[in-house]
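Engineer: The file below is upload.cif, mmCIF, C-alpha atoms (C1' of nucleotides):
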```cif
data_run
loop_
_atom_site.label_atom_id
_atom_site.label_comp_id
_atom_site.auth_asym_id
_atom_site.auth_seq_id
_atom_site.Cartn_x
_atom_site.Cartn_y
_atom_site.Cartn_z
CA MET A 12 0.00 0.00 0.00
CA ALA A 13 1.46 3.13 -1.10
CA GLU A 14 -0.40 4.63 1.75
CA ALA A 15 -0.05 8.15 2.91
CA ASP A 16 2.47 8.37 5.65
CA SER A 17 3.66 6.41 8.54
CA PRO A 18 2.28 7.02 11.99
CA HIS A 19 4.76 9.50 13.34
CA SER A 20 5.52 11.59 10.34
CA ASN A 21 2.29 13.39 10.47
CA GLU A 22 2.86 16.85 11.62
CA CYS A 23 6.49 17.16 12.56
CA PRO A 24 8.57 18.52 9.70
CA VAL A 25 11.68 16.91 11.16
CA ALA A 26 10.04 13.52 10.96
CA ARG A 27 8.98 14.06 7.38
CA THR A 28 12.42 15.21 6.38
CA LEU A 29 13.93 12.16 7.97
CA GLU A 30 11.50 10.00 6.14
CA ALA A 31 12.23 11.63 2.82
CA ILE A 32 16.01 11.88 2.90
CA GLY A 33 17.02 10.56 6.29
CA ASP A 34 18.16 7.13 5.32
CA ARG A 35 21.69 5.98 5.29
CA TRP A 36 22.57 6.86 1.72
CA SER A 37 20.43 9.72 0.52
CA LEU A 38 22.29 12.47 2.29
CA MET A 39 25.59 11.09 1.11
CA ILE A 40 24.33 11.06 -2.44
CA ILE A 41 23.17 14.64 -2.11
CA ARG A 42 26.48 15.61 -0.58
CA ASP A 43 28.23 14.18 -3.62
CA ALA A 44 25.85 16.04 -5.87
CA PHE A 45 26.97 19.25 -4.16
CA ASP A 46 30.46 18.38 -5.31
CA GLY A 47 29.29 18.27 -8.87
CA ILE A 48 28.69 14.57 -9.28
CA ARG A 49 25.90 13.80 -11.71
CA ARG A 50 26.48 10.41 -13.21
CA PHE A 51 25.49 7.04 -11.93
CA SER A 52 28.95 5.59 -12.16
CA GLU A 53 30.49 8.54 -10.41
CA PHE A 54 28.13 8.24 -7.47
CA GLN A 55 28.85 4.59 -7.41
CA LYS A 56 32.57 5.01 -7.36
CA SER A 57 32.50 7.79 -4.84
CA LEU A 58 30.22 6.02 -2.40
CA GLY A 59 31.22 2.45 -2.91
CA VAL A 60 27.59 1.46 -2.69
CA ALA A 61 26.03 -1.45 -4.52
CA LYS A 62 24.48 -0.53 -7.82
CA ASN A 63 21.05 -1.77 -6.99
CA ILE A 64 20.97 0.30 -3.83
CA LEU A 65 22.18 3.35 -5.64
CA ALA A 66 19.59 2.89 -8.36
CA SER A 67 16.89 2.53 -5.76
CA ARG A 68 17.92 5.62 -3.82
CA LEU A 69 18.29 7.72 -6.92
CA LYS A 70 14.87 6.65 -8.01
CA THR A 71 13.19 7.67 -4.79
CA LEU A 72 15.14 10.92 -4.68
CA VAL A 73 13.80 11.73 -8.12
CA GLU A 74 10.30 10.85 -6.96
CA VAL A 75 10.71 13.02 -3.91
CA GLY A 76 11.78 15.91 -6.10
CA VAL A 77 15.36 16.29 -4.97
CA PHE A 78 16.82 15.33 -8.32
CA ASP A 79 15.73 15.84 -11.87
CA ILE A 80 16.79 13.54 -14.62
CA GLY A 81 18.29 15.37 -17.53
CA PRO A 82 20.23 14.58 -20.68
CA ALA A 83 23.96 14.22 -20.37
CA SER A 84 25.73 17.53 -20.67
CA ASP A 85 28.48 16.01 -22.78
CA GLY A 86 26.13 14.75 -25.44
CA SER A 87 26.50 11.11 -24.55
CA ALA A 88 23.42 8.97 -24.56
CA TYR A 89 23.05 8.74 -20.82
CA LYS A 90 21.15 10.57 -18.18
CA GLU A 91 22.32 12.83 -15.46
CA TYR A 92 20.95 13.44 -12.02
CA VAL A 93 20.82 17.10 -11.32
CA LEU A 94 19.63 18.72 -8.13
CA THR A 95 16.43 20.65 -8.17
CA GLU A 96 16.01 23.77 -6.08
CA LYS A 97 14.51 21.57 -3.42
CA GLY A 98 17.64 19.46 -3.56
CA ARG A 99 20.00 22.41 -3.44
CA GLU A 100 18.18 23.66 -0.39
CA VAL A 101 19.31 20.72 1.67
CA PHE A 102 22.69 22.39 1.66
CA PRO A 103 22.31 23.85 5.15
CA ILE A 104 21.42 20.43 6.47
CA VAL A 105 24.53 18.75 5.21
CA VAL A 106 26.74 21.69 6.11
CA SER A 107 25.47 21.68 9.68
CA MET A 108 26.05 17.94 9.84
CA ARG A 109 29.50 18.43 8.47
CA GLN A 110 30.36 21.08 11.00
CA TRP A 111 29.03 19.06 13.89
CA GLY A 112 31.02 16.06 12.76
CA GLU A 113 34.18 18.09 12.32
CA ARG A 114 33.85 19.48 15.76
CA TYR A 115 32.85 16.46 17.77
CA LEU A 116 33.76 13.37 15.83
CA PHE A 117 37.35 13.99 14.83
CA LYS A 118 40.50 14.14 16.79
CA PRO A 119 42.36 17.37 16.16
CA GLN A 120 44.98 15.96 13.84
CA GLU A 121 42.91 13.36 12.15
CA THR A 122 42.70 13.65 8.41
CA ARG A 123 39.36 14.83 7.15
CA SER A 124 37.70 16.60 4.29
CA VAL A 125 36.62 20.19 4.75
CA LEU A 126 34.52 22.62 2.81
CA LEU A 127 36.02 25.87 1.62
CA ASP A 128 34.39 28.76 -0.15
CA ASN A 129 35.60 29.22 -3.69
CA ALA A 130 36.05 32.93 -3.48
CA ARG A 131 38.55 33.03 -0.67
CA GLY A 132 39.43 29.47 0.19
CA GLN A 133 38.35 30.00 3.76
CA THR A 134 36.40 27.72 6.01
CA LEU A 135 32.76 28.55 6.44
CA MET A 136 31.03 30.42 9.18
CA PRO A 137 29.54 28.04 11.73
CA ILE A 138 25.87 27.52 11.12
CA ALA A 139 23.68 28.83 13.89
CA VAL A 140 20.06 29.43 14.69
CA PHE A 141 18.74 32.97 14.90
CA SER A 142 15.44 34.53 15.76
CA SER A 143 13.72 36.65 13.18
CA SER A 144 15.24 39.65 14.88
CA GLY A 145 18.73 38.28 14.68
CA GLN A 146 19.25 36.95 18.19
CA PRO A 147 21.22 33.72 18.42
CA LEU A 148 18.99 30.96 19.73
CA GLY A 149 19.64 27.75 21.57
CA PRO A 150 17.27 24.85 22.12
CA ALA A 151 16.04 26.34 25.37
CA ASP A 152 15.07 29.59 23.70
CA CYS A 153 12.42 28.01 21.52
CA HIS A 154 9.22 26.11 21.87
CA ARG A 155 7.08 24.08 19.55
CA VAL A 156 3.49 24.81 18.78
CA ARG A 157 0.93 23.15 16.59
CA ILE A 158 -0.42 25.08 13.71
CA SER A 159 -3.57 23.90 12.14
CA ALA A 160 -4.42 25.50 8.91
CA GLN A 161 -4.39 29.18 8.39
CA THR A 162 -7.43 31.17 7.63
CA SER A 163 -6.44 34.56 6.61
CA MET B 28 46.02 3.14 6.07
CA ALA B 29 45.80 2.79 9.72
CA GLU B 30 42.16 3.03 9.00
CA ALA B 31 40.28 0.98 11.49
CA ASP B 32 36.98 2.66 10.83
CA SER B 33 33.95 1.32 9.20
CA PRO B 34 34.04 1.59 5.46
CA HIS B 35 32.28 4.84 4.79
CA SER B 36 33.01 6.90 7.82
CA ASN B 37 36.54 7.48 6.79
CA GLU B 38 37.21 11.10 6.50
CA CYS B 39 33.96 12.77 5.65
CA PRO B 40 32.41 14.47 8.65
CA VAL B 41 28.99 14.13 7.14
CA ALA B 42 29.40 10.39 7.01
CA ARG B 43 30.52 10.23 10.59
CA THR B 44 27.64 12.36 11.75
CA LEU B 45 25.23 10.15 9.90
CA GLU B 46 26.77 7.13 11.51
CA ALA B 47 26.57 8.62 14.97
CA ILE B 48 23.09 10.11 14.95
CA GLY B 49 21.75 9.51 11.47
CA ASP B 50 19.49 6.59 12.18
CA ARG B 51 15.77 6.70 12.16
CA TRP B 52 15.20 7.50 15.82
CA SER B 53 18.17 9.37 17.23
CA LEU B 54 17.35 12.72 15.74
CA MET B 55 13.76 12.41 16.85
CA ILE B 56 14.90 11.66 20.36
CA ILE B 57 17.18 14.66 20.33
CA ARG B 58 14.40 16.81 18.96
CA ASP B 59 12.25 15.79 21.88
CA ALA B 60 15.07 16.54 24.25
CA PHE B 61 15.11 20.07 22.85
CA ASP B 62 11.52 20.32 23.97
CA GLY B 63 12.52 19.50 27.49
CA ILE B 64 11.86 15.79 27.57
CA ARG B 65 14.21 13.92 29.85
CA ARG B 66 12.54 10.78 31.07
CA PHE B 67 12.34 7.41 29.48
CA SER B 68 8.60 7.17 29.64
CA GLU B 69 8.15 10.63 28.18
CA PHE B 70 10.30 9.81 25.20
CA GLN B 71 8.41 6.63 24.83
CA LYS B 72 5.04 8.27 24.88
CA SER B 73 6.07 11.09 22.61
CA LEU B 74 7.66 8.89 19.99
CA GLY B 75 5.53 5.82 20.20
CA VAL B 76 8.64 3.72 19.85
CA ALA B 77 9.11 0.30 21.38
CA LYS B 78 10.85 0.33 24.72
CA ASN B 79 13.70 -1.88 23.69
CA ILE B 80 14.46 0.30 20.72
CA LEU B 81 14.31 3.42 22.82
CA ALA B 82 16.58 1.90 25.42
CA SER B 83 19.03 0.89 22.76
CA ARG B 84 19.12 4.30 21.11
CA LEU B 85 19.42 6.12 24.39
CA LYS B 86 22.27 3.89 25.33
CA THR B 87 24.23 4.57 22.20
CA LEU B 88 23.48 8.26 22.41
CA VAL B 89 24.98 8.27 25.88
CA GLU B 90 28.00 6.38 24.59
CA VAL B 91 28.37 8.82 21.76
CA GLY B 92 28.30 11.70 24.22
CA VAL B 93 25.07 13.36 23.19
CA PHE B 94 23.32 12.63 26.46
CA ASP B 95 24.48 12.43 30.02
CA ILE B 96 22.67 10.38 32.57
CA GLY B 97 21.84 12.32 35.67
CA PRO B 98 19.70 11.92 38.75
CA ALA B 99 16.05 12.83 38.48
CA SER B 100 15.46 16.48 39.12
CA ASP B 101 12.33 15.76 41.11
CA GLY B 102 14.10 13.57 43.61
CA SER B 103 12.59 10.35 42.40
CA ALA B 104 14.79 7.33 42.18
CA TYR B 105 15.14 7.34 38.45
CA LYS B 106 17.55 8.71 35.93
CA GLU B 107 17.21 11.47 33.46
CA TYR B 108 18.74 11.92 30.05
CA VAL B 109 20.10 15.38 29.69
CA LEU B 110 21.80 16.78 26.63
CA THR B 111 25.47 17.52 26.77
CA GLU B 112 26.93 20.49 24.97
CA LYS B 113 27.65 18.14 22.10
CA GLY B 114 24.00 17.22 22.12
CA ARG B 115 22.75 20.77 22.28
CA GLU B 116 24.93 21.60 19.32
CA VAL B 117 22.90 19.41 17.04
CA PHE B 118 20.27 22.09 17.25
CA PRO B 119 21.18 23.64 13.90
CA ILE B 120 20.89 20.24 12.26
CA VAL B 121 17.38 19.61 13.42
CA VAL B 122 16.29 23.17 12.81
CA SER B 123 17.55 23.06 9.25
CA MET B 124 15.76 19.76 8.75
CA ARG B 125 12.64 21.25 10.21
CA GLN B 126 12.75 24.24 7.95
CA TRP B 127 13.37 22.16 4.88
CA GLY B 128 10.48 19.91 5.77
CA GLU B 129 8.18 22.83 6.42
CA ARG B 130 9.01 24.31 3.12
CA TYR B 131 8.99 21.32 0.83
CA LEU B 132 7.06 18.56 2.49
CA PHE B 133 3.86 20.24 3.59
CA LYS B 134 0.98 21.60 1.69
CA PRO B 135 0.25 25.18 2.62
CA GLN B 136 -2.79 24.44 4.72
CA GLU B 137 -1.66 21.22 6.26
CA THR B 138 -1.40 21.16 10.00
CA ARG B 139 2.11 21.02 11.36
CA SER B 140 4.22 21.87 14.33
CA VAL B 141 6.44 24.91 14.17
CA LEU B 142 9.20 26.33 16.29
CA LEU B 143 8.84 29.78 17.80
CA ASP B 144 11.33 31.78 19.79
CA ASN B 145 10.28 32.29 23.38
CA ALA B 146 11.09 35.95 23.52
CA ARG B 147 8.81 37.12 20.75
CA GLY B 148 6.81 34.17 19.60
CA GLN B 149 8.07 34.61 16.08
CA THR B 150 9.18 32.02 13.59
CA LEU B 151 12.91 31.65 13.18
CA MET B 152 15.22 33.07 10.59
CA PRO B 153 15.86 30.56 7.82
CA ILE B 154 19.14 28.80 8.33
CA ALA B 155 21.68 29.54 5.66
CA VAL B 156 25.31 28.97 4.86
CA PHE B 157 27.72 31.88 4.95
CA SER B 158 31.37 32.33 4.18
CA SER B 159 33.65 33.52 6.93
CA SER B 160 33.24 36.99 5.51
CA GLY B 161 29.49 36.86 5.64
CA GLN B 162 28.62 36.09 2.04
CA PRO B 163 25.69 33.73 1.55
CA LEU B 164 26.89 30.52 -0.04
CA GLY B 165 25.23 27.87 -2.15
CA PRO B 166 26.51 24.42 -2.99
CA ALA B 167 28.21 25.70 -6.11
CA ASP B 168 30.18 28.30 -4.18
CA CYS B 169 32.13 25.74 -2.18
CA HIS B 170 34.52 22.92 -2.75
CA ARG B 171 35.82 20.11 -0.65
CA VAL B 172 39.46 19.52 0.12
CA ARG B 173 41.26 16.91 2.10
CA ILE B 174 43.14 17.99 5.11
CA SER B 175 45.69 15.59 6.37
CA ALA B 176 46.95 16.47 9.75
CA GLN B 177 49.46 18.99 10.48
CA THR B 178 50.42 22.13 8.93
CA SER B 179 52.50 24.29 11.13
"C1'" DC C 12 8.72 3.22 36.65
"C1'" DC C 13 12.81 1.88 34.01
"C1'" DG C 14 14.56 -0.82 31.69
"C1'" DT C 15 16.33 -5.94 29.70
"C1'" DA C 16 15.55 -10.34 27.20
"C1'" DT C 17 13.37 -12.83 23.74
"C1'" DC C 18 11.17 -13.68 19.55
"C1'" DC C 19 9.64 -12.51 15.08
"C1'" DA C 20 8.66 -9.61 10.99
"C1'" DT C 21 10.41 -6.37 7.91
"C1'" DT C 22 13.47 -3.69 5.73
"C1'" DC C 23 18.06 -2.77 4.13
"C1'" DC C 24 22.30 -3.92 2.11
"C1'" DG C 25 25.85 -6.10 -0.67
"C1'" DA C 26 27.46 -9.35 -4.21
"C1'" DT C 27 26.64 -11.28 -8.29
"C1'" DA C 28 24.60 -12.07 -12.66
"C1'" DC C 29 22.22 -10.29 -16.50
"C1'" DT C 30 20.19 -6.84 -20.12
"C1'" DG C 31 19.95 -2.82 -23.40
"C1'" DC D 10 27.69 2.78 -19.13
"C1'" DA D 11 23.46 2.43 -16.74
"C1'" DG D 12 20.80 0.10 -14.79
"C1'" DT D 13 17.44 -4.44 -13.29
"C1'" DA D 14 16.76 -9.14 -11.08
"C1'" DT D 15 17.57 -12.16 -7.53
"C1'" DC D 16 19.26 -13.92 -3.32
"C1'" DG D 17 21.17 -14.39 1.32
"C1'" DG D 18 22.60 -12.14 5.33
"C1'" DA D 19 22.64 -8.34 8.52
"C1'" DA D 20 20.54 -4.76 10.85
"C1'" DT D 21 16.38 -2.66 12.50
"C1'" DG D 22 11.90 -2.41 14.39
"C1'" DG D 23 7.86 -3.93 17.13
"C1'" DA D 24 5.34 -6.73 20.71
"C1'" DT D 25 5.42 -8.88 24.72
"C1'" DA D 26 7.09 -10.83 28.93
"C1'" DC D 27 9.97 -10.36 32.68
"C1'" DG D 28 13.22 -8.30 36.53
"C1'" DG D 29 15.21 -4.44 39.56
#
```
As structure tokens, what does this structure read like?
Structural biologist:
Amino acid sequence: MAEADSPHSNECPVARTLEAIGDRWSLMIIRDAFDGIRRFSEFQKSLGVAKNILASRLKTLVEVGVFDIGPASDGSAYKEYVLTEKGREVFPIVVSMRQWGERYLFKPQETRSVLLDNARGQTLMPIAVFSSSGQPLGPADCHRVRISAQTS
Amino acid sequence: MAEADSPHSNECPVARTLEAIGDRWSLMIIRDAFDGIRRFSEFQKSLGVAKNILASRLKTLVEVGVFDIGPASDGSAYKEYVLTEKGREVFPIVVSMRQWGERYLFKPQETRSVLLDNARGQTLMPIAVFSSSGQPLGPADCHRVRISAQTS
DNA sequence: CCGTATCCATTCCGATACTG
DNA sequence: CAGTATCGGAATGGATACGG
């Protein structure tokens, strides 16, 4: 049954995001796409994942709207997977994951990959949460509320 | 070599983060912790997850250093799970996931839960990636490089 | 109340083989 | 090159029963 959604994904956007791209491979695939990877074989080589798994993930990511399938840019007969706007917008998610990992999961001298901005070759500003008025916010400074539809 | 890690967690911080907290429940547990949940039964009720699973996840999250176990604040005989600094710092990750989900995974009128800042009751500023000099950055404005240990 | 132990179903993954 | 088909094994999840 291609039924709606699973029990707990109903109204929490975090849960839905996890359900859409929160599996073990999807975010890695998207991360590679941020590095310019577009071809099946390149994903496969970069990730070392089995082809059937990769095919399956790519397929659902296209269904979800993270990737579009387009013609090869080099004129070859094959397809390319290119990020949609929706896909590009997961950038903050993977960058915040990257920064958290860098900070807490590596020993100081351990070899790692880092992200640099093209313009200056500098590391990025740490991602943080701000209020609409620009105040930095921690978990304790926020609360969740339920919004049922808007009548304006 | 000298790589004793699991295959894909090698040197990408994103991969390590995914391995540490990227499973189906951990981020939901942490999200609940941001809402002030600290007790086993509260997590269980909030998430609707089986007790053995919850116990298992909580255990690994403690091992990973996201939670500390402390005495109950109300003087009862039981433990509480309280976020460490490392745990609190996953806040940007779940907020960026939340915002992406809100934006792309909900129909406009669908009921959802949203995060508001306590001080003003406003929605948060969208999380974005900036260079160290304050320029907004997209995926195409960055590149990855490998850093092997020491320079200077 | 807070877990642990057990059992079972399901899903996920990887290797391999095969097709256009 | 870009997948699909199939299979076995591993990991994950859920329900329930039990113990501190």
Engineer: Could you expand the PyMOL selection byres ((chain B) within 8 of (chain C)) into the explicit residues it covers here, written as a PDB file with C-alpha atoms, in the frame of the given file?
Structural biologist:
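Everything below was put into part-v7.pdb:
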```pdb
ATOM      1  CA  PHE B  67      12.340   7.410  29.480  1.00  0.00           C
ATOM      2  CA  LYS B  78      10.850   0.330  24.720  1.00  0.00           C
ATOM      3  CA  ASN B  79      13.700  -1.880  23.690  1.00  0.00           C
ATOM      4  CA  ALA B  82      16.580   1.900  25.420  1.00  0.00           C
ATOM      5  CA  TYR B 105      15.140   7.340  38.450  1.00  0.00           C
TER       6      TYR B 105
END
```
Engineer: Rank A:Ile64, A:Val106, A:Leu127, A:Val140 by their smallest atom-to-atom distance to chain D, using all atoms listed in the file, and report the top residue only.
Structural biologist: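 Closest to chain D of all the choices is A:Ile64.
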Engineer: Least-squares fit chain B onto chain A by Cα, in order, and just send back the RMSD.
Structural biologist: 2.1 Å
Engineer: Select from chain B every residue with an atom at most 6 Å from any atom of chain A, then for each give the shortest pair of atoms and their distance in Å to one decimal, using all atoms listed in the file, rows by chain and rising number, as a Markdown table.
Structural biologist:
```
| residue | atom | partner | partner_atom | distance |
| --- | --- | --- | --- | --- |
| B:Glu38 | CA | A:Arg123 | CA | 4.4 |
| B:Cys39 | CA | A:Ser124 | CA | 5.5 |
| B:Pro40 | CA | A:Gly112 | CA | 4.6 |
| B:Val41 | CA | A:Arg109 | CA | 4.5 |
| B:Thr44 | CA | A:Gly112 | CA | 5.1 |
| B:Phe61 | CA | A:Pro150 | CA | 5.3 |
| B:Pro119 | CA | A:Ala139 | CA | 5.8 |
| B:Ile120 | CA | A:Ser107 | CA | 5.5 |
| B:Ser123 | CA | A:Ile104 | CA | 5.4 |
| B:Met124 | CA | A:Val25 | CA | 5.5 |
| B:Arg125 | CA | A:Val25 | CA | 4.5 |
| B:Gly128 | CA | A:Pro24 | CA | 4.6 |
| B:Glu129 | CA | A:Pro24 | CA | 5.4 |
| B:Gln136 | CA | A:Ala160 | CA | 4.6 |
| B:Glu137 | CA | A:Ala160 | CA | 5.7 |
| B:Thr138 | CA | A:Ser159 | CA | 4.1 |
| B:Arg139 | CA | A:Glu22 | CA | 4.2 |
| B:Ser140 | CA | A:Arg157 | CA | 4.2 |
| B:Val141 | CA | A:Val156 | CA | 5.5 |
| B:Leu142 | CA | A:Arg155 | CA | 4.5 |
| B:Leu143 | CA | A:Cys153 | CA | 5.5 |
| B:Asp144 | CA | A:Cys153 | CA | 4.3 |
| B:Asn145 | CA | A:Cys153 | CA | 5.1 |
| B:Leu151 | CA | A:Ser142 | CA | 4.6 |
| B:Met152 | CA | A:Ser143 | CA | 4.7 |
| B:Ala155 | CA | A:Pro103 | CA | 5.7 |
| B:Val156 | CA | A:Pro103 | CA | 5.9 |
| B:Phe157 | CA | A:Met136 | CA | 5.6 |
| B:Ser158 | CA | A:Leu135 | CA | 4.6 |
| B:Ser159 | CA | A:Met136 | CA | 4.6 |
| B:Pro166 | CA | A:Phe45 | CA | 5.3 |
| B:Asp168 | CA | A:Asn129 | CA | 5.5 |
| B:Cys169 | CA | A:Asp128 | CA | 4.3 |
| B:His170 | CA | A:Leu127 | CA | 5.5 |
| B:Arg171 | CA | A:Leu126 | CA | 4.5 |
| B:Val172 | CA | A:Ser124 | CA | 5.4 |
| B:Arg173 | CA | A:Ser124 | CA | 4.2 |
| B:Ile174 | CA | A:Arg123 | CA | 5.3 |
| B:Ser175 | CA | A:Thr122 | CA | 4.1 |
| B:Ala176 | CA | A:Gln120 | CA | 4.6 |
```
Engineer: Could you work out which residues of chain A fall inside 12 Å of chain D? Count all atoms listed in the file, and format the result as a PDB file with C-alpha atoms, in the frame of the given file.
Structural biologist:
```
ATOM      1  CA  ARG A  50      26.480  10.410 -13.210  1.00  0.00           C
ATOM      2  CA  PHE A  51      25.490   7.040 -11.930  1.00  0.00           C
ATOM      3  CA  SER A  52      28.950   5.590 -12.160  1.00  0.00           C
ATOM      4  CA  GLU A  53      30.490   8.540 -10.410  1.00  0.00           C
ATOM      5  CA  PHE A  54      28.130   8.240  -7.470  1.00  0.00           C
ATOM      6  CA  GLN A  55      28.850   4.590  -7.410  1.00  0.00           C
ATOM      7  CA  ALA A  61      26.030  -1.450  -4.520  1.00  0.00           C
ATOM      8  CA  LYS A  62      24.480  -0.530  -7.820  1.00  0.00           C
ATOM      9  CA  ASN A  63      21.050  -1.770  -6.990  1.00  0.00           C
ATOM     10  CA  ILE A  64      20.970   0.300  -3.830  1.00  0.00           C
ATOM     11  CA  LEU A  65      22.180   3.350  -5.640  1.00  0.00           C
ATOM     12  CA  ALA A  66      19.590   2.890  -8.360  1.00  0.00           C
ATOM     13  CA  SER A  67      16.890   2.530  -5.760  1.00  0.00           C
ATOM     14  CA  LEU A  69      18.290   7.720  -6.920  1.00  0.00           C
ATOM     15  CA  LYS A  70      14.870   6.650  -8.010  1.00  0.00           C
ATOM     16  CA  SER A  87      26.500  11.110 -24.550  1.00  0.00           C
ATOM     17  CA  ALA A  88      23.420   8.970 -24.560  1.00  0.00           C
ATOM     18  CA  TYR A  89      23.050   8.740 -20.820  1.00  0.00           C
ATOM     19  CA  LYS A  90      21.150  10.570 -18.180  1.00  0.00           C
ATOM     20  CA  GLU A  91      22.320  12.830 -15.460  1.00  0.00           C
TER      21      GLU A  91
END
```
Engineer: Rounded to one decimal place, report the CA of Phe78 (chain A)-CA of Ile57 (chain B) distance in Å.
Structural biologist: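 According to the coordinates, CA of Phe78 (chain A) and CA of Ile57 (chain B) are separated by 28.7 Å.
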Engineer: Just how far from CA of Asp43 (chain A) is CA of Ser53 (chain B), in Å to one decimal?
Structural biologist: 23.6 Å
Engineer: Using Å and a single decimal, report how far CA of Asp79 (chain A) sits from CA of Tyr92 (chain A).
Structural biologist: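 CA of Asp79 (chain A) lies 5.7 Å from CA of Tyr92 (chain A).
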